[in-house]
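Data from upload.cif: mmCIF, C-alpha atoms
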```
data_coords
#
loop_
_atom_site.label_atom_id
_atom_site.label_comp_id
_atom_site.auth_asym_id
_atom_site.auth_seq_id
_atom_site.Cartn_x
_atom_site.Cartn_y
_atom_site.Cartn_z
CA MET A 514 117.37 94.79 104.23
CA ALA A 515 116.98 97.42 106.96
CA TYR A 516 115.37 97.33 110.38
CA LEU A 517 114.16 99.86 112.91
CA THR A 518 112.95 99.36 116.46
CA THR A 519 109.67 100.63 117.91
CA ASP A 520 109.34 102.15 121.38
CA ASP A 521 108.25 98.76 122.77
CA GLY A 522 111.27 96.98 121.34
CA VAL A 523 109.80 95.36 118.21
CA ARG A 524 112.04 95.23 115.14
CA LEU A 525 110.31 96.13 111.88
CA HIS A 526 111.68 95.30 108.45
CA VAL A 527 111.71 98.35 106.18
CA GLU A 528 112.60 98.89 102.53
CA GLU A 529 113.15 102.14 100.61
CA THR A 530 113.20 102.67 96.86
CA GLY A 531 113.60 105.87 94.85
CA ARG A 532 114.03 109.53 95.65
CA GLY A 533 111.68 112.45 96.08
CA PHE A 534 108.81 113.20 98.42
CA PRO A 535 108.15 110.17 100.66
CA VAL A 536 105.27 107.75 100.15
CA LEU A 537 104.61 105.29 102.98
CA PHE A 538 102.74 102.09 102.04
CA VAL A 539 100.89 100.13 104.76
CA HIS A 540 99.88 96.58 103.83
CA GLU A 541 96.72 94.56 104.41
CA PHE A 542 96.21 91.54 106.67
CA ALA A 543 96.71 89.04 103.86
CA GLY A 544 99.67 90.93 102.40
CA ASP A 545 103.10 92.18 103.40
CA HIS A 546 105.66 94.64 102.03
CA ARG A 547 105.75 92.67 98.76
CA SER A 548 102.09 93.49 98.10
CA TRP A 549 103.07 97.01 97.01
CA GLU A 550 105.55 95.96 94.31
CA PRO A 551 103.45 97.28 91.36
CA GLN A 552 103.19 100.66 93.10
CA VAL A 553 106.86 100.83 94.10
CA ARG A 554 108.02 99.99 90.59
CA ALA A 555 105.91 102.79 89.12
CA LEU A 556 106.14 105.53 91.75
CA SER A 557 109.79 105.17 92.76
CA ARG A 558 110.72 107.01 89.56
CA ARG A 559 109.47 110.20 91.22
CA TYR A 560 108.97 109.39 94.91
CA ARG A 561 110.84 107.92 97.87
CA CYS A 562 108.75 104.78 98.36
CA VAL A 563 108.79 103.13 101.79
CA THR A 564 107.33 99.71 102.52
CA TYR A 565 107.51 97.71 105.72
CA ASP A 566 106.23 94.54 107.31
CA ALA A 567 103.88 94.99 110.26
CA ARG A 568 104.75 93.32 113.54
CA GLY A 569 103.81 89.67 113.28
CA TYR A 570 104.95 89.52 109.65
CA PRO A 571 108.48 88.15 109.17
CA PRO A 572 111.11 89.34 108.60
CA SER A 573 109.67 91.80 111.14
CA TYR A 574 109.57 90.43 114.68
CA VAL A 575 106.62 88.33 115.85
CA PRO A 576 105.86 89.21 119.49
CA ALA A 577 104.32 86.32 121.43
CA ASP A 578 102.42 88.61 123.81
CA PRO A 579 98.84 89.23 122.57
CA ARG A 580 98.97 92.67 124.22
CA ALA A 581 101.53 93.73 121.62
CA TYR A 582 98.83 93.78 118.91
CA SER A 583 96.18 96.49 118.61
CA GLN A 584 94.89 99.18 116.28
CA GLN A 585 96.64 101.80 118.40
CA ARG A 586 99.92 99.92 118.13
CA ALA A 587 99.52 99.39 114.35
CA THR A 588 99.11 103.15 113.94
CA ALA A 589 102.06 103.86 116.23
CA ASP A 590 104.22 101.47 114.18
CA ALA A 591 103.48 103.41 111.00
CA VAL A 592 104.59 106.60 112.77
CA ALA A 593 107.65 104.75 114.09
CA VAL A 594 108.67 103.95 110.51
CA LEU A 595 108.46 107.64 109.60
CA ASP A 596 110.43 108.57 112.71
CA GLY A 597 113.06 105.91 112.14
CA LEU A 598 113.71 107.12 108.61
CA GLY A 599 113.71 110.80 109.56
CA ILE A 600 110.58 111.54 107.53
CA ASP A 601 108.59 114.50 108.81
CA GLN A 602 105.68 114.10 106.41
CA ALA A 603 104.61 111.64 103.70
CA HIS A 604 101.79 110.61 101.45
CA VAL A 605 100.42 107.58 103.34
CA VAL A 606 98.80 104.77 101.36
CA GLY A 607 97.03 101.87 103.07
CA LEU A 608 94.94 98.89 101.99
CA SER A 609 92.34 97.22 104.25
CA MET A 610 94.05 96.66 107.62
CA GLY A 611 96.66 99.13 106.42
CA ALA A 612 93.93 101.57 105.43
CA TYR A 613 92.67 101.56 109.02
CA ALA A 614 96.18 102.37 110.24
CA THR A 615 96.44 105.08 107.58
CA LEU A 616 93.15 106.64 108.59
CA HIS A 617 94.02 106.54 112.29
CA LEU A 618 97.41 108.09 111.52
CA GLY A 619 95.59 110.95 109.82
CA LEU A 620 93.27 111.36 112.79
CA ARG A 621 95.94 111.15 115.51
CA HIS A 622 98.96 112.61 113.71
CA PRO A 623 97.64 114.80 110.88
CA GLU A 624 100.85 116.80 110.70
CA ARG A 625 102.71 113.66 109.53
CA ALA A 626 100.47 113.05 106.50
CA ARG A 627 100.59 115.19 103.36
CA SER A 628 97.73 113.05 102.12
CA LEU A 629 95.93 109.79 102.85
CA VAL A 630 94.96 107.02 100.45
CA VAL A 631 92.43 104.76 102.16
CA ALA A 632 91.75 101.72 99.98
CA ALA A 633 89.44 98.76 100.63
CA CYS A 634 88.56 100.04 104.09
CA GLY A 635 85.59 99.16 106.25
CA TYR A 636 85.14 95.41 106.74
CA GLY A 637 83.09 94.85 109.85
CA ALA A 638 82.58 98.55 110.48
CA GLN A 639 78.83 98.74 109.88
CA PRO A 640 76.95 98.42 113.17
CA GLU A 641 74.73 95.64 111.88
CA ARG A 642 77.78 93.62 110.76
CA ARG A 643 80.02 94.36 113.72
CA GLU A 644 79.36 91.29 115.84
CA ALA A 645 79.42 88.86 112.91
CA PHE A 646 82.79 90.28 111.87
CA ARG A 647 84.18 89.85 115.37
CA GLU A 648 83.00 86.25 115.47
CA GLU A 649 84.46 85.48 112.04
CA SER A 650 87.75 87.11 113.04
CA ALA A 651 87.97 84.71 115.98
CA VAL A 652 87.33 81.77 113.64
CA VAL A 653 90.08 82.95 111.27
CA ALA A 654 92.52 83.48 114.15
CA ASP A 655 91.83 79.99 115.50
CA ALA A 656 92.36 78.53 112.03
CA PHE A 657 95.75 80.19 111.62
CA ALA A 658 96.78 79.07 115.10
CA GLY A 659 95.50 75.52 114.70
CA GLU A 660 96.05 74.69 111.03
CA GLY A 661 98.85 77.04 110.01
CA ALA A 662 99.12 79.72 107.34
CA GLU A 663 99.89 77.33 104.50
CA GLU A 664 96.62 75.48 104.97
CA VAL A 665 94.45 78.52 105.76
CA ALA A 666 95.72 80.40 102.72
CA LYS A 667 94.01 77.84 100.48
CA ARG A 668 90.63 79.07 101.75
CA TYR A 669 91.39 82.69 102.60
CA ALA A 670 92.76 83.45 99.14
CA VAL A 671 89.44 82.50 97.50
CA GLY A 672 87.16 84.58 99.72
CA PRO A 673 84.17 86.41 98.18
CA ALA A 674 86.23 89.55 97.55
CA ARG A 675 89.37 87.67 96.39
CA VAL A 676 88.01 85.56 93.54
CA GLN A 677 87.86 88.63 91.29
CA PHE A 678 91.66 88.79 91.40
CA GLN A 679 91.91 85.06 90.67
CA ASN A 680 89.59 85.37 87.68
CA LYS A 681 91.36 88.41 86.21
CA ASP A 682 94.99 87.52 86.80
CA ALA A 683 95.62 83.90 87.70
CA ARG A 684 99.38 84.39 87.80
CA GLY A 685 99.24 87.48 90.02
CA TRP A 686 96.69 85.85 92.32
CA ALA A 687 98.85 82.72 92.64
CA GLU A 688 101.77 84.88 93.76
CA PHE A 689 99.53 86.60 96.33
CA ALA A 690 98.26 83.23 97.62
CA ARG A 691 101.78 81.82 97.79
CA GLN A 692 103.02 84.81 99.80
CA LEU A 693 100.06 84.54 102.18
CA ALA A 694 100.93 80.89 102.79
CA GLN A 695 104.42 81.98 103.85
CA HIS A 696 103.17 84.21 106.67
CA SER A 697 103.77 83.46 110.32
CA SER A 698 100.85 81.40 111.63
CA GLN A 699 101.31 82.84 115.10
CA GLY A 700 101.66 86.39 113.82
CA ALA A 701 98.55 86.09 111.67
CA ALA A 702 96.48 84.69 114.54
CA LEU A 703 97.60 87.39 116.97
CA THR A 704 97.09 90.15 114.41
CA MET A 705 93.59 88.93 113.62
CA ARG A 706 92.68 88.80 117.31
CA GLY A 707 94.31 92.00 118.50
CA VAL A 708 94.17 94.35 115.53
CA GLN A 709 91.35 93.22 113.27
CA ARG A 710 88.84 91.89 115.80
CA GLU A 711 89.28 94.63 118.38
CA ARG A 712 89.61 97.72 116.19
CA PRO A 713 86.99 100.43 116.76
CA SER A 714 84.19 100.80 114.26
CA LEU A 715 84.56 103.66 111.79
CA TYR A 716 80.97 104.56 112.60
CA ASP A 717 82.04 105.38 116.16
CA LEU A 718 84.58 107.88 114.82
CA THR A 719 82.37 110.07 112.66
CA ASP A 720 82.93 113.22 114.73
CA ASP A 721 86.69 112.82 114.39
CA LEU A 722 86.39 111.99 110.71
CA ALA A 723 84.28 115.07 110.06
CA ALA A 724 87.08 117.19 111.49
CA LEU A 725 89.82 115.52 109.41
CA GLU A 726 91.43 118.09 107.12
CA VAL A 727 94.11 115.95 105.47
CA PRO A 728 93.36 115.40 101.74
CA THR A 729 92.02 111.88 101.43
CA LEU A 730 91.48 109.58 98.46
CA LEU A 731 89.16 106.64 99.07
CA VAL A 732 89.40 103.67 96.70
CA VAL A 733 87.12 100.63 96.68
CA GLY A 734 86.26 97.82 94.30
CA ASP A 735 82.59 97.61 93.34
CA GLU A 736 82.47 93.92 94.29
CA ASP A 737 84.17 94.47 97.65
CA GLU A 738 80.83 94.21 99.44
CA GLY A 739 82.15 94.71 102.97
CA CYS A 740 83.78 98.01 102.08
CA LEU A 741 81.33 99.67 99.69
CA GLU A 742 78.92 101.19 102.21
CA PRO A 743 81.68 102.21 104.67
CA SER A 744 83.52 103.93 101.81
CA LEU A 745 80.39 105.92 100.98
CA MET A 746 80.08 106.88 104.64
CA LEU A 747 83.70 108.03 104.69
CA LYS A 748 83.16 110.07 101.53
CA ARG A 749 80.15 111.78 103.06
CA THR A 750 81.95 112.42 106.34
CA ILE A 751 85.54 113.46 105.54
CA PRO A 752 85.39 116.99 104.09
CA ALA A 753 88.46 116.80 101.83
CA SER A 754 87.83 113.32 100.46
CA GLY A 755 87.17 111.86 97.05
CA LEU A 756 85.91 108.37 96.24
CA ALA A 757 87.04 106.19 93.35
CA VAL A 758 84.98 103.04 92.74
CA VAL A 759 86.80 100.55 90.54
CA PRO A 760 84.49 98.37 88.38
CA LYS A 761 84.44 94.57 88.48
CA THR A 762 87.00 94.58 91.28
CA GLY A 763 87.29 92.98 94.69
CA HIS A 764 89.36 93.67 97.79
CA THR A 765 92.94 93.60 96.54
CA VAL A 766 92.39 96.60 94.29
CA ASN A 767 96.04 97.66 94.02
CA LEU A 768 97.02 94.22 92.69
CA GLU A 769 93.91 93.54 90.64
CA GLU A 770 94.07 96.85 88.78
CA PRO A 771 97.62 98.14 89.29
CA GLU A 772 97.71 100.51 86.32
CA LEU A 773 94.44 102.18 87.29
CA PHE A 774 95.40 102.30 90.97
CA ASN A 775 98.77 103.84 90.14
CA ALA A 776 97.15 106.42 87.89
CA LEU A 777 94.78 107.38 90.70
CA LEU A 778 97.74 107.85 93.06
CA VAL A 779 99.75 109.94 90.60
CA ARG A 780 96.79 112.22 89.85
CA PHE A 781 95.88 112.54 93.52
CA PHE A 782 99.42 113.30 94.66
CA ALA A 783 99.77 115.93 91.94
CA ASP A 784 96.50 117.58 92.95
CA VAL A 785 97.55 117.64 96.59
CA GLU A 786 101.02 118.96 95.86
CA HIS A 787 99.57 121.75 93.71
CA GLU A 788 96.92 122.51 96.35
CA ALA A 789 94.18 121.61 93.90
CA TRP A 790 92.55 119.02 96.21
CA THR A 791 90.24 120.99 98.46
CA ALA A 792 87.37 120.41 100.83
CA ARG A 793 83.96 119.75 99.35
CA ASP A 794 82.03 122.82 98.24
CA PRO A 795 79.21 123.15 100.81
CA ARG A 796 76.80 124.09 98.01
CA SER A 797 76.97 120.47 96.83
CA LEU A 798 75.42 119.32 100.11
CA ALA A 799 72.02 120.95 99.46
CA THR A 800 69.03 118.65 99.85
CA SER A 801 67.58 119.94 96.60
CA THR A 802 68.30 117.96 93.42
CA THR A 803 68.74 121.01 91.18
CA GLY A 804 69.11 123.90 93.60
CA MET A 805 65.90 125.41 92.21
CA ASP A 806 63.38 124.19 94.75
CA GLU A 807 62.35 127.70 95.88
CA ARG A 808 58.72 128.72 95.95
CA ALA A 809 57.69 132.30 95.36
#
```

Can the structure in the file be given as structure tokens, please?
Amino acid sequence: MAYLTTDDGVRLHVEETGRGFPVLFVHEFAGDHRSWEPQVRALSRRYRCVTYDARGYPPSYVPADPRAYSQQRATADAVAVLDGLGIDQAHVVGLSMGAYATLHLGLRHPERARSLVVAACGYGAQPERREAFREESAVVADAFAGEGAEEVAKRYAVGPARVQFQNKDARGWAEFARQLAQHSSQGAALTMRGVQRERPSLYDLTDDLAALEVPTLLVVGDEDEGCLEPSLMLKRTIPASGLAVVPKTGHTVNLEEPELFNALLVRFFADVEHEAWTARDPRSLATSTTGMDERA
């Protein structure tokens, strides 16, 4: 078990497995470094896989100050992990909350990312859903603070985009739910309030996203309703992006469909490393259906 310290004095738990070009995995709100085990087992044969626990997620430190939690800080922590391990550049893979950090890392520190994998990203981003998401985030934070993670996990683990996992893989889902119940109640509440609730909408970042040149793979489950439309927006906005929609799948796509998710990563990384993943051909953006709408 290894630790590194951020510039504001927070100790983060970090694990490394394998050798090769680095891959940094950034976990979701309901997960932790253990959530990437199917990916680490598969990819560490060829890559240096790095996982870590975000601040607020033991064995990383749980700051008591609410000001220690924000989207900006979550992104800075991902960079701090790279810095602490002496990694100049990595493939960066994030899910949900981790996908936001991954995307912001690409926007703010593009030189540190060889590629970006942005999975299950976009809850609460749509303008018409923004306020409802903020209100629900406050409810979730209050529940963690008042009832504790063990109790809240019983409800959170069977959300509308989690039941797909339960139905497909009862054993895997039970492990996910058990790990969620072990989270710090205080850390979860502060993370939900400071990072999730207050993060900027992706729709306010479209100019920045349109200028993003880092190769980007977007992955979303077709039953992950909160992320489907934002993923389409990201595909249409980020020039060097591709979108994989996984059928009959909810939010925890890397755990629900690990073999498919791993195959997508391996193919994507290979394309990027061989410079075969390029920006979208502008000819594909024509408003014509066939390209033969001319009139003599």

**Message:** the PyMOL selection byres ((chain A and resi 661) around 10) - which residues does that actually catch in the file I just gave you? List them as a list in words.
**Reply:** Ala654, Asp655, Ala656, Phe657, Ala658, Gly659, Glu660, Ala662, Glu663, Glu664, Val665, Ala666, Ala694, Gln695, His696, Ser697, Ser698, Gln699, Ala701 and Ala702 of chain A

**Item:** Residues matched by the PyMOL selection byres ((chain A and resi 517-523) around 9) as a list in words
**Value:** Ala515, Tyr516, Arg524, Leu525, His526, Val527, Arg568, Ser573, Tyr574, Val575, Pro576, Ala581, Ala589, Asp590, Ala593, Val594, Gly597 and Leu598 of chain A

**Request:** Quick one: apply the PyMOL selection byres ((chain A and resi 719-732) around 8) to the file and drop the selected residues here as a ChimeraX atom specification.
**Result:** /A:619-620,623,626-633,715-718,733-734,744,747-748,750-759,781,785,790-792

**Request:** Find the residues around range 679-691 of chain A up to 8 Å (all atoms listed in the file counted), leave out those fewer than 6 positions away in its own chain, and share them as a list in words.
**Result:** Gly544, Ser548, Ala666, Lys667, Ala670, Val671, Leu768 and Glu769 of chain A

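For the pair CA of Gly739 in chain A and CA of Leu703 in chain A, the interatomic distance is 22.1 Å.
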
**Item:** Non-local contacts of Gly635 in chain A (12 Å; all atoms listed in the file; under 4 positions in same chain excluded) as a VMD selection string
**Value:** chain A and resid 608 to 614 616 631 639 to 640 642 to 643 646 709 712 to 716 731 to 733 737 to 747 764

Hey, can you spit out that residue selection with C-alpha atoms as a CSV table (one decimal), keeping the file's coordinate frame?
```csv
chain,number,residue,atom,x,y,z
A,608,LEU,CA,94.9,98.9,102.0
A,609,SER,CA,92.3,97.2,104.2
A,610,MET,CA,94.0,96.7,107.6
A,611,GLY,CA,96.7,99.1,106.4
A,612,ALA,CA,93.9,101.6,105.4
A,613,TYR,CA,92.7,101.6,109.0
A,614,ALA,CA,96.2,102.4,110.2
A,616,LEU,CA,93.2,106.6,108.6
A,631,VAL,CA,92.4,104.8,102.2
A,639,GLN,CA,78.8,98.7,109.9
A,640,PRO,CA,77.0,98.4,113.2
A,642,ARG,CA,77.8,93.6,110.8
A,643,ARG,CA,80.0,94.4,113.7
A,646,PHE,CA,82.8,90.3,111.9
A,709,GLN,CA,91.4,93.2,113.3
A,712,ARG,CA,89.6,97.7,116.2
A,713,PRO,CA,87.0,100.4,116.8
A,714,SER,CA,84.2,100.8,114.3
A,715,LEU,CA,84.6,103.7,111.8
A,716,TYR,CA,81.0,104.6,112.6
A,731,LEU,CA,89.2,106.6,99.1
A,732,VAL,CA,89.4,103.7,96.7
A,733,VAL,CA,87.1,100.6,96.7
A,737,ASP,CA,84.2,94.5,97.6
A,738,GLU,CA,80.8,94.2,99.4
A,739,GLY,CA,82.2,94.7,103.0
A,740,CYS,CA,83.8,98.0,102.1
A,741,LEU,CA,81.3,99.7,99.7
A,742,GLU,CA,78.9,101.2,102.2
A,743,PRO,CA,81.7,102.2,104.7
A,744,SER,CA,83.5,103.9,101.8
A,745,LEU,CA,80.4,105.9,101.0
A,746,MET,CA,80.1,106.9,104.6
A,747,LEU,CA,83.7,108.0,104.7
A,764,HIS,CA,89.4,93.7,97.8
```

Range 524-542 of chain A rebuilt with N, CA, C and O atoms, output as an mmCIF file, keeping the file's coordinate frame:
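Here's the written file selection.cif:
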```
data_model
loop_
_atom_site.group_PDB
_atom_site.id
_atom_site.type_symbol
_atom_site.label_atom_id
_atom_site.label_comp_id
_atom_site.auth_asym_id
_atom_site.auth_seq_id
_atom_site.Cartn_x
_atom_site.Cartn_y
_atom_site.Cartn_z
ATOM 1 N N ARG A 524 111.300 94.905 116.362
ATOM 2 C CA ARG A 524 112.040 95.230 115.140
ATOM 3 C C ARG A 524 111.139 95.086 113.930
ATOM 4 O O ARG A 524 110.486 94.056 113.741
ATOM 5 N N LEU A 525 111.112 96.127 113.105
ATOM 6 C CA LEU A 525 110.310 96.130 111.880
ATOM 7 C C LEU A 525 111.234 96.162 110.673
ATOM 8 O O LEU A 525 112.174 96.963 110.615
ATOM 9 N N HIS A 526 110.941 95.320 109.719
ATOM 10 C CA HIS A 526 111.680 95.300 108.450
ATOM 11 C C HIS A 526 111.148 96.397 107.542
ATOM 12 O O HIS A 526 109.944 96.512 107.317
ATOM 13 N N VAL A 527 112.064 97.199 106.995
ATOM 14 C CA VAL A 527 111.710 98.350 106.180
ATOM 15 C C VAL A 527 112.526 98.344 104.901
ATOM 16 O O VAL A 527 113.714 97.995 104.912
ATOM 17 N N GLU A 528 111.889 98.735 103.786
ATOM 18 C CA GLU A 528 112.600 98.890 102.530
ATOM 19 C C GLU A 528 112.298 100.257 101.924
ATOM 20 O O GLU A 528 111.175 100.761 102.035
ATOM 21 N N GLU A 529 113.292 100.852 101.284
ATOM 22 C CA GLU A 529 113.150 102.140 100.610
ATOM 23 C C GLU A 529 113.589 102.010 99.157
ATOM 24 O O GLU A 529 114.581 101.338 98.863
ATOM 25 N N THR A 530 112.855 102.672 98.271
ATOM 26 C CA THR A 530 113.200 102.670 96.860
ATOM 27 C C THR A 530 112.895 104.044 96.277
ATOM 28 O O THR A 530 111.801 104.568 96.491
ATOM 29 N N GLY A 531 113.840 104.611 95.538
ATOM 30 C CA GLY A 531 113.600 105.870 94.850
ATOM 31 C C GLY A 531 113.918 107.094 95.680
ATOM 32 O O GLY A 531 114.261 107.009 96.868
ATOM 33 N N ARG A 532 113.787 108.239 95.025
ATOM 34 C CA ARG A 532 114.030 109.530 95.650
ATOM 35 C C ARG A 532 112.860 110.460 95.391
ATOM 36 O O ARG A 532 112.096 110.280 94.458
ATOM 37 N N GLY A 533 112.764 111.482 96.226
ATOM 38 C CA GLY A 533 111.680 112.450 96.080
ATOM 39 C C GLY A 533 110.877 112.544 97.348
ATOM 40 O O GLY A 533 111.313 112.112 98.424
ATOM 41 N N PHE A 534 109.684 113.090 97.243
ATOM 42 C CA PHE A 534 108.810 113.200 98.420
ATOM 43 C C PHE A 534 108.411 111.798 98.866
ATOM 44 O O PHE A 534 108.094 110.934 98.043
ATOM 45 N N PRO A 535 108.399 111.541 100.178
ATOM 46 C CA PRO A 535 108.150 110.170 100.660
ATOM 47 C C PRO A 535 106.701 109.711 100.474
ATOM 48 O O PRO A 535 105.753 110.483 100.631
ATOM 49 N N VAL A 536 106.561 108.433 100.168
ATOM 50 C CA VAL A 536 105.270 107.750 100.150
ATOM 51 C C VAL A 536 105.409 106.509 101.027
ATOM 52 O O VAL A 536 106.258 105.651 100.763
ATOM 53 N N LEU A 537 104.593 106.425 102.070
ATOM 54 C CA LEU A 537 104.610 105.290 102.980
ATOM 55 C C LEU A 537 103.457 104.358 102.634
ATOM 56 O O LEU A 537 102.295 104.784 102.614
ATOM 57 N N PHE A 538 103.748 103.084 102.373
ATOM 58 C CA PHE A 538 102.740 102.090 102.040
ATOM 59 C C PHE A 538 102.520 101.168 103.244
ATOM 60 O O PHE A 538 103.479 100.644 103.813
ATOM 61 N N VAL A 539 101.252 100.942 103.594
ATOM 62 C CA VAL A 539 100.890 100.130 104.760
ATOM 63 C C VAL A 539 100.019 98.966 104.283
ATOM 64 O O VAL A 539 98.923 99.179 103.753
ATOM 65 N N HIS A 540 100.505 97.741 104.466
ATOM 66 C CA HIS A 540 99.880 96.580 103.830
ATOM 67 C C HIS A 540 98.658 96.056 104.567
ATOM 68 O O HIS A 540 98.398 96.389 105.723
ATOM 69 N N GLU A 541 97.935 95.189 103.872
ATOM 70 C CA GLU A 541 96.720 94.560 104.410
ATOM 71 C C GLU A 541 97.049 93.316 105.233
ATOM 72 O O GLU A 541 98.198 92.859 105.262
ATOM 73 N N PHE A 542 96.017 92.738 105.860
ATOM 74 C CA PHE A 542 96.210 91.540 106.670
ATOM 75 C C PHE A 542 96.792 90.395 105.855
ATOM 76 O O PHE A 542 97.703 89.693 106.307
#
```
